[in-house]
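Contents: one structure, followed by commentary.
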Amino acid sequence: MTPPEKPVQSSGSGAEGERSSQFTTVSGHPIRRLYTGSDLPSDTDLERDLGVPGQPPYTRGIHPEMYRSRLWTMRQFAGFGTAEDTNARFRYLLGEGQNGLSVAFDLPTLMGYDSDHPLAHGEVGKCGVAISSLADVETLFQGIPLGSVSTSMTINSPAAVLWAMYLAVAEKQGADWKTLSGTLQNDILKEYIAQKEYIYPPEPSLRLVIDTIEFGAQRTPKFNAISISGYHIREAGSTAIQELAFTLRDGIEYVERAIRRGLAVDDVAPQLSIFFNAHNDFFEEIAKYRAARRMWYHTMRERFRAKQPRSWALRFHAQTAGCSLTAQQPYNNVVRTALQALAAVLGGTQSLHTNSLDEAWALPTEAAATLALRTQQILAYESGAASTADPFGGSYFLEALTNEVEHGANGYIAKIDALGGMVAAIERGYPQREIAEAAYAYQMAVDRKEKIVVGVNEYVMEEKPIETLQIDESVAHGQEERLRRLRQERSGEEVSRRLDALKRAAAGTENLMPYLYDAVKAYATVGEICDALRAVFGTYEEIAVT
């Protein structure tokens, strides 16, 4: 199979021609005025092909009762300033009804640098919480019982280091690791494809990912050691089909690597979860989630011969589309977010983050974050969306769209297989190029007003400024002082000994998680640990995509 053709822009004139891009699917096929049974394959039997929720092929959901038995986890992404600042926001959100934590880290932490590193200047605490050592993580979760709260951490290249710190805090709290629940993002492939927050070359980076999966399968069975992320692929400008295809193909790559390590597929697959975007096209997004479950089921059964139902069932978290939010008329973002969240719920998400109205301006204020949480609560308790599983199942339009998305995504996966897998495809710039072309096509459609963005290229009006959250340089100064005291009070000799042990292990083939855990317990910093690994693994520079 070949990837779907790019959408062809209409050259029509008049109202119909100007609005034509609104009446095409993501693969460029025209949307019909009305859908009937003739739009489905001639041998379609909806009862047979769709099944029921909780049963293969899971098109209609992975749980029989869906939200009637348990609502999705309301997991609002939060992190800014110091660990104390973010701890206060976490405790506030938990008090307002949030039932899961999601940690945003600042750019120096994401890139494996301490807050006092020269490259961290101007970025400390700005796009997430500043974390440099176990002491910061202890403060971050102070008063929050990790044994009873599900935690997600959006961290990738240094993911194993931050996870070791999380496990050390849980141990200090007396929590049993086997009861810990949550998700480590830890998806390095999407960094090379889209987000670009990588440190090491692909092979040692993948080794670290598989180390965490192996360690988690043995020690933390309820904690997902990786969340394979399509979210950032979509934020970089991909289509829904590209997001789905590249995400699932990344997942295939991780499973193949784990099997190569000697792990059984049925030990690995239950530890995997997916992180999808919830974008603007309401029906297309629902179709994407339904197609994803069906594709994952067939992949696990047919490609990997998985035998356990828990391996077949794709679980996913959704976040509303940050890239769809506008600085112009920011209160319009409340409506966008509500519709995107509704699509994720009707598509069967297991957990959800709703973006705040002010995120195109700055980090969310407390008031904006509260409104974003209330959006989920209104969907859960007032809309009726949680009353039945897959309420659109059997819709001629939705089933036709689900088939189309699945077909297009399978075409991309076949292309990547032919290139030799996702690492080979990344090294040739294939997914990066596809995303860049899709992003360019979208922007051209907006510029030509073939795609209307309310408040941006149509219905524009004069605006008043909104209140924003300000993060000043006092955060960086405080972090620098904490790091100075930490280095004075800890045993420098013990830190050096454990970092040397980590470097020796990195030069070999052992699982690095025990060595990382030993290093963080001695209060080695994120930067020191990542520098030790840089000395062995080197760093990665991307080849320009042309």
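Here's how to read the names in the structure tokens: chain A, B, ... by the order shown, residue numbers from 1 in each chain, ligand numbers from 1 in the order shown.
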Closest atom pairs, residues of stretch 281-320 of chain A within 10 Å of stretch 258-271 of chain A, only C-alpha atoms, as JSON lines:
{"residue": "A:Met300", "atom": "CA", "partner": "A:Ala269", "partner_atom": "CA", "distance": 8.2}
{"residue": "A:Phe304", "atom": "CA", "partner": "A:Val265", "partner_atom": "CA", "distance": 7.0}
{"residue": "A:Arg305", "atom": "CA", "partner": "A:Val265", "partner_atom": "CA", "distance": 8.1}
{"residue": "A:Ala306", "atom": "CA", "partner": "A:Asp266", "partner_atom": "CA", "distance": 5.9}
{"residue": "A:Lys307", "atom": "CA", "partner": "A:Asp266", "partner_atom": "CA", "distance": 6.8}
{"residue": "A:Gln308", "atom": "CA", "partner": "A:Asp266", "partner_atom": "CA", "distance": 6.2}
{"residue": "A:Pro309", "atom": "CA", "partner": "A:Asp266", "partner_atom": "CA", "distance": 9.1}
{"residue": "A:Arg310", "atom": "CA", "partner": "A:Pro270", "partner_atom": "CA", "distance": 5.7}
{"residue": "A:Ser311", "atom": "CA", "partner": "A:Ala269", "partner_atom": "CA", "distance": 4.8}
{"residue": "A:Trp312", "atom": "CA", "partner": "A:Ala269", "partner_atom": "CA", "distance": 7.8}
{"residue": "A:Ala313", "atom": "CA", "partner": "A:Pro270", "partner_atom": "CA", "distance": 8.3}
{"residue": "A:Leu314", "atom": "CA", "partner": "A:Pro270", "partner_atom": "CA", "distance": 8.8}
{"residue": "A:Arg315", "atom": "CA", "partner": "A:Pro270", "partner_atom": "CA", "distance": 9.1}
Would you put the residues from that selection into a file with C-alpha atoms, as a short mmCIF file (atom, residue, chain, number, x, y, z; two decimals), in the first residue's frame?
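Once everything was written out, this is selection-v7.cif:
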data_model
loop_
_atom_site.label_atom_id
_atom_site.label_comp_id
_atom_site.auth_asym_id
_atom_site.auth_seq_id
_atom_site.Cartn_x
_atom_site.Cartn_y
_atom_site.Cartn_z
CA MET A 300 -0.79 -7.29 18.36
CA PHE A 304 3.32 -10.07 17.23
CA ARG A 305 1.10 -13.09 18.03
CA ALA A 306 0.18 -11.63 21.43
CA LYS A 307 -2.08 -13.97 23.37
CA GLN A 308 -3.34 -11.82 26.25
CA PRO A 309 -6.41 -9.57 25.79
CA ARG A 310 -4.67 -6.85 27.81
CA SER A 311 -1.99 -6.78 25.10
CA TRP A 312 -4.61 -6.36 22.35
CA ALA A 313 -6.47 -3.43 23.94
CA LEU A 314 -5.09 0.01 23.13
CA ARG A 315 -5.36 2.44 26.04
#
**Q.** Sel. of helix (DSSP H, G or I) residues, stretch 368-425 of chain A, as a PyMOL selection string
**A.** chain A and resi 368-381+396-419+422-425
(Q) So that I can see what lies close to A:Asp500, please list as a list in words the residues with an atom at most 12 Å from it, counting only C-alpha atoms and leaving out residues fewer than 6 positions away in the same chain. (A)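 Result of the neighbour search: Glu493, Glu494, Ala506, Ala507, Tyr515, Leu516, Asp518, Ala519, Ala524, Glu528, Ile529, Asp531, Ala532, Leu533, Ala535 and Val536 of chain A.
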Q) Closest to A:Thr59 among A:Ala372, A:Ala217, A:Ile131, A:Ile286, using only C-alpha atoms? A)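 So, comparing all the options, the nearest one is A:Ile286.
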Q: Pick out each residue of stretch 115-297 of chain A that DSSP on the backbone tags as strand (DSSP E); I need them as a ChimeraX atom specification.
A: /A:151-154,182-184,223-224,226-229,272-278
Surrounding residues of A:Thr73 excluding itself and chain neighbours under 2 positions, 10 Å, only C-alpha atoms, as a PDB file with N, CA and C atoms, in the first residue's frame:
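That gives us result-v3.pdb:
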ATOM      1  N   ARG A  70     -16.872   3.705  35.175  1.00  0.00           N
ATOM      2  CA  ARG A  70     -15.804   4.566  35.689  1.00  0.00           C
ATOM      3  C   ARG A  70     -15.521   5.664  34.672  1.00  0.00           C
ATOM      4  N   LEU A  71     -15.547   6.913  35.119  1.00  0.00           N
ATOM      5  CA  LEU A  71     -15.238   8.028  34.233  1.00  0.00           C
ATOM      6  C   LEU A  71     -13.764   8.018  33.835  1.00  0.00           C
ATOM      7  N   ARG A  75      -6.893  14.473  34.065  1.00  0.00           N
ATOM      8  CA  ARG A  75      -5.464  14.607  34.365  1.00  0.00           C
ATOM      9  C   ARG A  75      -4.950  15.902  33.744  1.00  0.00           C
ATOM     10  N   GLN A  76      -5.078  17.003  34.474  1.00  0.00           N
ATOM     11  CA  GLN A  76      -4.661  18.294  33.951  1.00  0.00           C
ATOM     12  C   GLN A  76      -3.147  18.462  34.040  1.00  0.00           C
ATOM     13  N   GLN A  98      -9.799  17.213  40.333  1.00  0.00           N
ATOM     14  CA  GLN A  98      -8.919  16.473  39.433  1.00  0.00           C
ATOM     15  C   GLN A  98      -8.546  15.162  40.112  1.00  0.00           C
ATOM     16  N   ASN A  99      -8.417  14.071  39.350  1.00  0.00           N
ATOM     17  CA  ASN A  99      -8.096  12.795  39.991  1.00  0.00           C
ATOM     18  C   ASN A  99      -6.853  12.124  39.439  1.00  0.00           C
ATOM     19  N   GLY A 100      -5.987  12.894  38.791  1.00  0.00           N
ATOM     20  CA  GLY A 100      -4.699  12.389  38.335  1.00  0.00           C
ATOM     21  C   GLY A 100      -3.760  13.560  38.102  1.00  0.00           C
ATOM     22  N   LEU A 101      -2.475  13.357  38.338  1.00  0.00           N
ATOM     23  CA  LEU A 101      -1.481  14.412  38.149  1.00  0.00           C
ATOM     24  C   LEU A 101      -0.778  14.247  36.804  1.00  0.00           C
ATOM     25  N   SER A 150      -2.533   8.704  40.650  1.00  0.00           N
ATOM     26  CA  SER A 150      -1.935   8.361  39.368  1.00  0.00           C
ATOM     27  C   SER A 150      -1.183   9.577  38.827  1.00  0.00           C
ATOM     28  N   HIS A 317      -4.442   8.255  26.319  1.00  0.00           N
ATOM     29  CA  HIS A 317      -4.703   9.563  26.931  1.00  0.00           C
ATOM     30  C   HIS A 317      -4.871  10.561  25.799  1.00  0.00           C
ATOM     31  N   THR A 349     -11.528   7.876  25.221  1.00  0.00           N
ATOM     32  CA  THR A 349     -10.254   8.077  25.905  1.00  0.00           C
ATOM     33  C   THR A 349     -10.288   7.565  27.346  1.00  0.00           C
ATOM     34  N   GLN A 350      -9.120   7.122  27.843  1.00  0.00           N
ATOM     35  CA  GLN A 350      -9.024   6.680  29.241  1.00  0.00           C
ATOM     36  C   GLN A 350      -8.672   7.825  30.193  1.00  0.00           C
ATOM     37  N   SER A 351      -8.022   8.848  29.677  1.00  0.00           N
ATOM     38  CA  SER A 351      -7.748  10.032  30.491  1.00  0.00           C
ATOM     39  C   SER A 351      -7.663  11.232  29.566  1.00  0.00           C
ATOM     40  N   LEU A 352      -7.792  12.422  30.163  1.00  0.00           N
ATOM     41  CA  LEU A 352      -7.957  13.617  29.329  1.00  0.00           C
ATOM     42  C   LEU A 352      -7.382  14.843  30.023  1.00  0.00           C
ATOM     43  N   HIS A 353      -6.702  15.661  29.230  1.00  0.00           N
ATOM     44  CA  HIS A 353      -6.310  17.007  29.642  1.00  0.00           C
ATOM     45  C   HIS A 353      -7.002  18.008  28.731  1.00  0.00           C
ATOM     46  N   GLN A 376     -14.217  19.595  31.612  1.00  0.00           N
ATOM     47  CA  GLN A 376     -14.303  18.132  31.700  1.00  0.00           C
ATOM     48  C   GLN A 376     -15.439  17.699  32.618  1.00  0.00           C
TER      49      GLN A 376
END
Q: For atom CA of A:Thr326 and atom CA of A:Tyr459, quote the distance in Å rounded to one decimal.
A: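 Spanning atom CA of A:Thr326 to atom CA of A:Tyr459 is a straight-line distance of 13.2 Å.
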(Q) Ranking A:Gly538, A:Pro64, A:Pro330, A:Gly28 by minimum distance to A:Glu404 and counting only C-alpha atoms, which one comes first? (A) A:Gly28
Q: Considering only C-alpha atoms, state which residue in the set A:Thr183, A:Ser273, A:Gln242, A:Asn333 is at the smallest distance from A:Ala438.
A: A:Gln242
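If you look at atom CA of A:Ala170 and atom CA of A:Thr139, they are 12.3 Å away from each other.
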So that I can see what lies close to A:Gly429, please list as a short mmCIF file (atom, residue, chain, number, x, y, z; two decimals) with N, CA and C atoms, in the first residue's frame the residues with an atom at most 8 Å from it, counting only C-alpha atoms and leaving out residues fewer than 4 positions away in the same chain.
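Heads up, here's the output in around.cif:
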data_model
loop_
_atom_site.label_atom_id
_atom_site.label_comp_id
_atom_site.auth_asym_id
_atom_site.auth_seq_id
_atom_site.Cartn_x
_atom_site.Cartn_y
_atom_site.Cartn_z
N ALA A 425 13.61 5.21 8.79
CA ALA A 425 12.78 6.26 8.18
C ALA A 425 13.16 7.63 8.71
N ARG A 433 9.64 14.97 6.74
CA ARG A 433 9.27 15.62 5.49
C ARG A 433 7.75 15.61 5.29
N VAL A 545 16.55 18.13 6.69
CA VAL A 545 15.59 17.49 5.80
C VAL A 545 15.32 18.42 4.62
#
(Q) Ranking A:Ile155, A:Ala400, A:Leu419, A:Leu167 by minimum distance to A:Tyr198 and counting only C-alpha atoms, which one comes first? (A) A:Ile155
(Q) Applying 12 Å and only C-alpha atoms, which residues near A:Leu339 remain after dropping the ones on its own chain fewer than 2 positions away? List them as an MDAnalysis selection string. (A) chainID A and resid 278:283 285:286 319:321 324 332:337 341:346 354:355 375:376 379 383 385
